[in-house]
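In what follows, a structure is listed as structure tokens, so that the remarks can point back to it.
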Amino acid sequence: MAGGSITADMKQKIGFMMDVLTTRISRFAESFPHDDLDEPLINAATQRLIDTLACALGARSCEPARIALSLSEGAVPDRWRGRVISFSQRTTAESAAFVNSVMSRYLDYNDTGPGSHPSDCIGGLIAIAEAVEADGKRLLAATIIAYEIIFRLAFGTKFRQKGWDQGFGTAVGTAAAAGHLLGLPQGRIAHAVAIAAVANVPLRASRAGQLSYWKAAATPFAVKNGIVAALLAAEGMTGPEQPFEGRFGLWEQITGPFQIEPFTTEGGNSMFQKWSRLKYWPVEYNAQIGVWAAREIRAKLPLEQIASITIDTYHQAWHEIASEPAKWNPQTRETADHSLPYIFARTLVDGAITVNSFDEAAYLDASLRPLMAKITVRADEKMSTQFPASVPIRVEAVVKSGEHITVELTNPKGHDENPMDNADIDDKFRSLCEPVLGRQRVTEALNAWWNIGSSKTLTPALDLLIPVK
């Protein structure tokens, strides 16, 4: 296995013989060169930080965040005080990690990748970054570390295809990245990885049928657990020595043996920029291309002339957002932003999708149901082979006169081949944060966060995210 040789020195650093995959992950996290990031990498990581913070502030008053915050109040430890994004109080690191990640996840507006929403980890890393006196560059490095691990585990485990949820990779990536942020040696990071791996194998029932608040809390729960694993390892807690490859480990119980791509420190290619895809619209990623297609159909014919619409897409899009009856009659916000028929019809009517498209009055709008009933969604075999490298869609609208209008698109804005630029990130941050912070404070916050890579302390930039009373 590339990069998989375990030397005597590695064994000594870890303390006892961890399995190969645990050792490789911990070695990567410990040795990642946080002081030697090039400008394109710094900019890409900074984009993800700012994008995630925008999503968090946009959802700071949502009900799942209120619930999480209510459980964190009053718990201020002597060490590892956690920073809650956009609030002045501190709490435990793990509680802050949970609240932060719930906020950034709730709108389903944060970035995505194969089998994951990698930026879910950022709320956990921010929670403890200030407490360990990390500078901006180390926070950026920890973010990249988590993403690289999460993506490799998504491709290796194929958890989504097996019907398991994404929290496994999220927890392991968070634990390893937090270990780097804490400055732990490889042996301690290995134990954090092992603890996170054996304790976080979540069910994908969280994302089936009518979706609940837990959709926004499932991966934040894994982030919280990843932070706990790292802090326990820092205090001396040891983890199982064979969490992946040993008896009753992941390979034996669920996945079978698999390999992961070599890490960058092993001579491999970075997955961070290629597979981390930002969202232009506040909907589930597979529906991003659907919004663009609906806008084109809307521009080509009057709404009242539509007789039927057939959407051909790849299997994962069909399975995730169009295969269940609940997706044709969403009764919760969480279901609506995972409903391709609703998102497509709402775009046809309104011309765009905004956060307000998922207000209760909007997704329960009875007048939209007849239009949704005209929509058929099919999984196309050829398109399915193109995903995830490409994100295609084909829409055929039949006009009442009998005319057929077809729209074919590939790769929505935010895809690595159609990227969002810094101006797009600014616009997104302003739209979500100005109602919370005001225009002037948003300008100051953006300036601070675009320069976070050269910041020696995170406190001033984090303080700028707190509304002025």
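Note on naming: chains are A, B, ... as they come in the structure tokens, residues start from 1 per chain, ligands start from 1 in the order shown.
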Excluding Arg27 of chain A and any residue of its chain fewer than 4 positions from it, enumerate the residues within 10 Å of it, using only C-alpha atoms, and give them as number ranges by chain. A: 10, 13-14, 21-23, 31-32, 176, 185-187, 189-190, 263, 265-266
Export of the given selection (C-alpha atoms) as a PDB file, in the first residue's frame:
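Contents of selection.pdb, as written:
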ATOM      1  CA  MET A  10       6.530   4.925  14.051  1.00  0.00           C
ATOM      2  CA  LYS A  13       5.993   7.122  18.648  1.00  0.00           C
ATOM      3  CA  ILE A  14       2.563   5.529  18.853  1.00  0.00           C
ATOM      4  CA  LEU A  21      -4.602   3.022   8.299  1.00  0.00           C
ATOM      5  CA  THR A  22      -4.690   4.550  11.776  1.00  0.00           C
ATOM      6  CA  THR A  23      -0.948   5.101  11.577  1.00  0.00           C
ATOM      7  CA  SER A  31       3.395  16.073   9.893  1.00  0.00           C
ATOM      8  CA  PHE A  32       1.240  18.317   7.709  1.00  0.00           C
ATOM      9  CA  ALA A 176      -7.076  14.058  13.593  1.00  0.00           C
ATOM     10  CA  PRO A 185       2.475  14.006  18.740  1.00  0.00           C
ATOM     11  CA  GLN A 186       1.583  11.285  16.292  1.00  0.00           C
ATOM     12  CA  GLY A 187       0.993   8.691  18.991  1.00  0.00           C
ATOM     13  CA  ILE A 189      -3.356  11.606  17.392  1.00  0.00           C
ATOM     14  CA  ALA A 190      -3.433   7.885  16.584  1.00  0.00           C
ATOM     15  CA  PHE A 263      -1.778  11.573   1.394  1.00  0.00           C
ATOM     16  CA  THR A 265       2.815  13.918   2.692  1.00  0.00           C
ATOM     17  CA  GLU A 266       3.168  10.463   1.069  1.00  0.00           C
TER      18      GLU A 266
END
Ala154 of chain A surroundings by only C-alpha atoms, 12 Å radius, close-in-sequence under 3 positions cut, as a compact mmCIF listing (two decimals) with N, CA and C atoms, in the first residue's frame:
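Writing done, so here's selection.txt:
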# COMPACT_ATOMS: atom_id res chain seq x y z
N THR A 112 -19.91 20.84 0.15
CA THR A 112 -20.18 19.42 0.09
C THR A 112 -19.01 18.71 -0.59
N GLY A 113 -19.00 17.40 -0.49
CA GLY A 113 -17.99 16.58 -1.14
C GLY A 113 -18.52 15.16 -1.21
N PRO A 114 -17.78 14.24 -1.79
CA PRO A 114 -18.26 12.86 -1.90
C PRO A 114 -18.61 12.28 -0.52
N GLY A 115 -19.87 11.95 -0.35
CA GLY A 115 -20.31 11.30 0.87
C GLY A 115 -20.21 12.13 2.12
N SER A 116 -20.17 13.46 2.00
CA SER A 116 -19.93 14.26 3.21
C SER A 116 -20.25 15.73 2.98
N HIS A 117 -20.30 16.46 4.09
CA HIS A 117 -20.24 17.91 4.09
C HIS A 117 -18.99 18.25 4.91
N PRO A 118 -17.83 18.34 4.26
CA PRO A 118 -16.58 18.41 5.01
C PRO A 118 -16.47 19.62 5.93
N TYR A 147 -10.38 17.81 5.76
CA TYR A 147 -10.96 17.55 4.45
C TYR A 147 -10.27 16.39 3.74
N GLU A 148 -8.94 16.40 3.77
CA GLU A 148 -8.18 15.35 3.06
C GLU A 148 -8.52 13.97 3.63
N ILE A 149 -8.68 13.88 4.94
CA ILE A 149 -9.01 12.60 5.57
C ILE A 149 -10.45 12.21 5.26
N ILE A 150 -11.37 13.15 5.40
CA ILE A 150 -12.79 12.87 5.15
C ILE A 150 -13.01 12.36 3.73
N PHE A 151 -12.39 13.00 2.75
CA PHE A 151 -12.58 12.58 1.36
C PHE A 151 -12.01 11.20 1.11
N THR A 157 -14.31 3.83 2.16
CA THR A 157 -15.35 3.06 2.85
C THR A 157 -16.60 2.86 2.02
N LYS A 158 -16.87 3.82 1.10
CA LYS A 158 -18.12 3.82 0.33
C LYS A 158 -19.33 3.72 1.27
N PHE A 159 -19.25 4.45 2.37
CA PHE A 159 -20.31 4.39 3.38
C PHE A 159 -21.67 4.78 2.81
N ARG A 160 -21.71 5.84 2.01
CA ARG A 160 -23.00 6.27 1.47
C ARG A 160 -23.64 5.15 0.65
N GLN A 161 -22.83 4.52 -0.22
CA GLN A 161 -23.36 3.46 -1.06
C GLN A 161 -23.82 2.27 -0.24
N LYS A 162 -23.26 2.10 0.94
CA LYS A 162 -23.64 0.98 1.80
C LYS A 162 -24.80 1.33 2.73
N TRP A 164 -24.84 3.79 5.11
CA TRP A 164 -24.44 4.39 6.38
C TRP A 164 -24.31 5.90 6.21
N ASP A 165 -24.36 6.64 7.31
CA ASP A 165 -24.31 8.08 7.22
C ASP A 165 -22.86 8.57 7.23
N GLN A 166 -22.71 9.87 7.01
CA GLN A 166 -21.41 10.48 6.77
C GLN A 166 -20.61 10.81 8.02
N GLY A 167 -21.18 10.59 9.20
CA GLY A 167 -20.51 11.00 10.42
C GLY A 167 -19.22 10.27 10.73
N PHE A 168 -19.03 9.07 10.16
CA PHE A 168 -17.81 8.32 10.45
C PHE A 168 -16.57 9.11 10.01
N GLY A 169 -16.51 9.46 8.74
CA GLY A 169 -15.36 10.22 8.24
C GLY A 169 -15.24 11.58 8.91
N THR A 170 -16.39 12.19 9.20
CA THR A 170 -16.39 13.50 9.86
C THR A 170 -15.74 13.42 11.23
N VAL A 172 -13.62 11.07 12.42
CA VAL A 172 -12.20 10.72 12.32
C VAL A 172 -11.40 11.92 11.83
N GLY A 173 -11.89 12.60 10.79
CA GLY A 173 -11.19 13.77 10.27
C GLY A 173 -11.08 14.88 11.28
N THR A 255 -17.07 -2.84 5.99
CA THR A 255 -16.62 -2.44 4.66
C THR A 255 -15.87 -3.49 3.87
N PHE A 258 -10.08 -2.10 2.33
CA PHE A 258 -10.03 -1.07 1.30
C PHE A 258 -8.72 -0.30 1.45
N GLN A 259 -8.37 0.40 0.41
CA GLN A 259 -7.20 1.28 0.44
C GLN A 259 -7.65 2.72 0.28
N ILE A 260 -6.86 3.63 0.79
CA ILE A 260 -7.10 5.04 0.54
C ILE A 260 -5.96 5.60 -0.29
N GLU A 261 -6.25 6.67 -1.01
CA GLU A 261 -5.22 7.31 -1.83
C GLU A 261 -4.09 7.83 -0.94
N MET A 271 -6.86 16.26 -2.40
CA MET A 271 -8.27 16.13 -2.75
C MET A 271 -9.07 17.36 -2.31
N TRP A 275 -12.44 18.22 -4.64
CA TRP A 275 -13.68 17.59 -4.23
C TRP A 275 -14.52 18.43 -3.27
Work out how far atom CA of Asn356 of chain A is from atom CA of Val99 of chain A, in Å to one decimal. 22.2 Å
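Near segment 288-296 of chain A, within a cut-off of 9 Å and counting only C-alpha atoms, sit the residues Lys279, Tyr280, Trp281, Pro282, Ile311, Leu340, Ile343, Phe344, Ala345, Arg346, Thr347, Leu348, Gly351, Ala352, Ile353, Val391, Pro392, Ile393, Arg394, Val395, Val407, Glu408, Leu409, Thr410, Asn411, Pro412 and Lys413 of chain A, with same-chain residues fewer than 6 positions away left out.
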Restrict the selected residues to N, CA and C atoms and save them as an mmCIF file, in the first residue's frame.
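Output saved as again_32.cif:
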data_model
loop_
_atom_site.group_PDB
_atom_site.id
_atom_site.type_symbol
_atom_site.label_atom_id
_atom_site.label_comp_id
_atom_site.auth_asym_id
_atom_site.auth_seq_id
_atom_site.Cartn_x
_atom_site.Cartn_y
_atom_site.Cartn_z
ATOM 1 N N LYS A 279 -21.581 25.875 -2.409
ATOM 2 C CA LYS A 279 -22.970 25.966 -2.860
ATOM 3 C C LYS A 279 -23.350 27.413 -3.164
ATOM 4 N N TYR A 280 -23.880 27.615 -4.350
ATOM 5 C CA TYR A 280 -24.383 28.927 -4.733
ATOM 6 C C TYR A 280 -25.804 29.138 -4.222
ATOM 7 N N TRP A 281 -26.567 28.051 -4.140
ATOM 8 C CA TRP A 281 -27.954 28.106 -3.671
ATOM 9 C C TRP A 281 -28.089 27.350 -2.349
ATOM 10 N N PRO A 282 -29.024 27.733 -1.478
ATOM 11 C CA PRO A 282 -29.183 27.071 -0.172
ATOM 12 C C PRO A 282 -30.021 25.796 -0.247
ATOM 13 N N ILE A 311 -37.286 15.266 -15.686
ATOM 14 C CA ILE A 311 -35.913 15.550 -15.279
ATOM 15 C C ILE A 311 -35.122 14.252 -15.282
ATOM 16 N N LEU A 340 -36.234 17.642 -4.815
ATOM 17 C CA LEU A 340 -36.019 18.204 -6.142
ATOM 18 C C LEU A 340 -37.325 18.717 -6.754
ATOM 19 N N ILE A 343 -37.992 22.130 -5.044
ATOM 20 C CA ILE A 343 -36.987 23.130 -5.399
ATOM 21 C C ILE A 343 -37.155 23.573 -6.850
ATOM 22 N N PHE A 344 -37.424 22.616 -7.735
ATOM 23 C CA PHE A 344 -37.588 22.944 -9.147
ATOM 24 C C PHE A 344 -38.835 23.796 -9.352
ATOM 25 N N ALA A 345 -39.937 23.377 -8.740
ATOM 26 C CA ALA A 345 -41.187 24.130 -8.899
ATOM 27 C C ALA A 345 -41.094 25.510 -8.266
ATOM 28 N N ARG A 346 -40.468 25.596 -7.093
ATOM 29 C CA ARG A 346 -40.327 26.886 -6.420
ATOM 30 C C ARG A 346 -39.497 27.844 -7.280
ATOM 31 N N THR A 347 -38.463 27.325 -7.930
ATOM 32 C CA THR A 347 -37.640 28.153 -8.797
ATOM 33 C C THR A 347 -38.419 28.609 -10.022
ATOM 34 N N LEU A 348 -39.226 27.723 -10.588
ATOM 35 C CA LEU A 348 -40.056 28.108 -11.731
ATOM 36 C C LEU A 348 -40.980 29.266 -11.381
ATOM 37 N N GLY A 351 -38.171 32.278 -9.608
ATOM 38 C CA GLY A 351 -37.000 32.664 -10.383
ATOM 39 C C GLY A 351 -35.685 32.402 -9.696
ATOM 40 N N ALA A 352 -35.701 32.030 -8.425
ATOM 41 C CA ALA A 352 -34.476 31.753 -7.661
ATOM 42 C C ALA A 352 -34.867 31.023 -6.381
ATOM 43 N N ILE A 353 -33.860 30.552 -5.677
ATOM 44 C CA ILE A 353 -34.057 29.934 -4.362
ATOM 45 C C ILE A 353 -33.280 30.754 -3.343
ATOM 46 N N VAL A 391 -21.484 16.705 -12.849
ATOM 47 C CA VAL A 391 -22.822 16.816 -12.272
ATOM 48 C C VAL A 391 -23.769 17.256 -13.389
ATOM 49 N N PRO A 392 -24.392 16.293 -14.085
ATOM 50 C CA PRO A 392 -25.220 16.624 -15.235
ATOM 51 C C PRO A 392 -26.721 16.617 -14.925
ATOM 52 N N ILE A 393 -27.485 17.266 -15.798
ATOM 53 C CA ILE A 393 -28.939 17.206 -15.734
ATOM 54 C C ILE A 393 -29.498 17.472 -17.131
ATOM 55 N N ARG A 394 -30.628 16.846 -17.425
ATOM 56 C CA ARG A 394 -31.360 17.121 -18.665
ATOM 57 C C ARG A 394 -32.841 17.284 -18.295
ATOM 58 N N VAL A 395 -33.429 18.381 -18.747
ATOM 59 C CA VAL A 395 -34.826 18.665 -18.446
ATOM 60 C C VAL A 395 -35.581 18.844 -19.751
ATOM 61 N N VAL A 407 -33.413 21.401 -21.903
ATOM 62 C CA VAL A 407 -32.262 22.091 -21.325
ATOM 63 C C VAL A 407 -31.300 21.040 -20.787
ATOM 64 N N GLU A 408 -30.040 21.126 -21.173
ATOM 65 C CA GLU A 408 -29.008 20.227 -20.647
ATOM 66 C C GLU A 408 -27.886 21.068 -20.050
ATOM 67 N N LEU A 409 -27.525 20.769 -18.807
ATOM 68 C CA LEU A 409 -26.474 21.506 -18.116
ATOM 69 C C LEU A 409 -25.533 20.534 -17.415
ATOM 70 N N THR A 410 -24.311 20.988 -17.183
ATOM 71 C CA THR A 410 -23.326 20.198 -16.439
ATOM 72 C C THR A 410 -22.553 21.118 -15.501
ATOM 73 N N ASN A 411 -22.384 20.671 -14.282
ATOM 74 C CA ASN A 411 -21.526 21.304 -13.276
ATOM 75 C C ASN A 411 -22.011 22.699 -12.859
ATOM 76 N N PRO A 412 -22.748 22.757 -11.771
ATOM 77 C CA PRO A 412 -23.257 24.050 -11.293
ATOM 78 C C PRO A 412 -22.147 24.935 -10.756
ATOM 79 N N LYS A 413 -22.428 26.202 -10.597
ATOM 80 C CA LYS A 413 -21.466 27.131 -9.997
ATOM 81 C C LYS A 413 -21.122 26.632 -8.598
#
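Minimum atom-to-atom distance to Asp426 of chain A, evaluated using only C-alpha atoms, belongs to A:Leu446 out of A:Val228, A:Val283, A:Leu446, A:Leu153.
Residues in contact with His404 of chain A at up to 12 Å, not including ones fewer than 6 positions away on its chain and judged by only C-alpha atoms, are Ile297, Lys300, Leu301, Gln305, Ile306, Ala307, Ser308, Ile309, Thr310, Val395, Glu396, Ala397 and Val398 of chain A.
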Report as a VMD selection string all protein, DNA and RNA residues lying within 8 Å of Thr313 of chain A, evaluated on only C-alpha atoms, omitting residues in the same chain fewer than 4 positions from it. chain A and resid 317 to 318 377 to 380 383 to 384 392 to 394
Apply DSSP to the backbone of this structure and, from segment 177-357 of chain A, keep only the residues in helix (DSSP H, G or I); write these as an MDAnalysis selection string. chainID A and resid 177:182 186:199 204:207 213:216 218:234 250:255 264:266 272:275 285:300 303:305 315:321 325:328 333:336 340:350 355:357
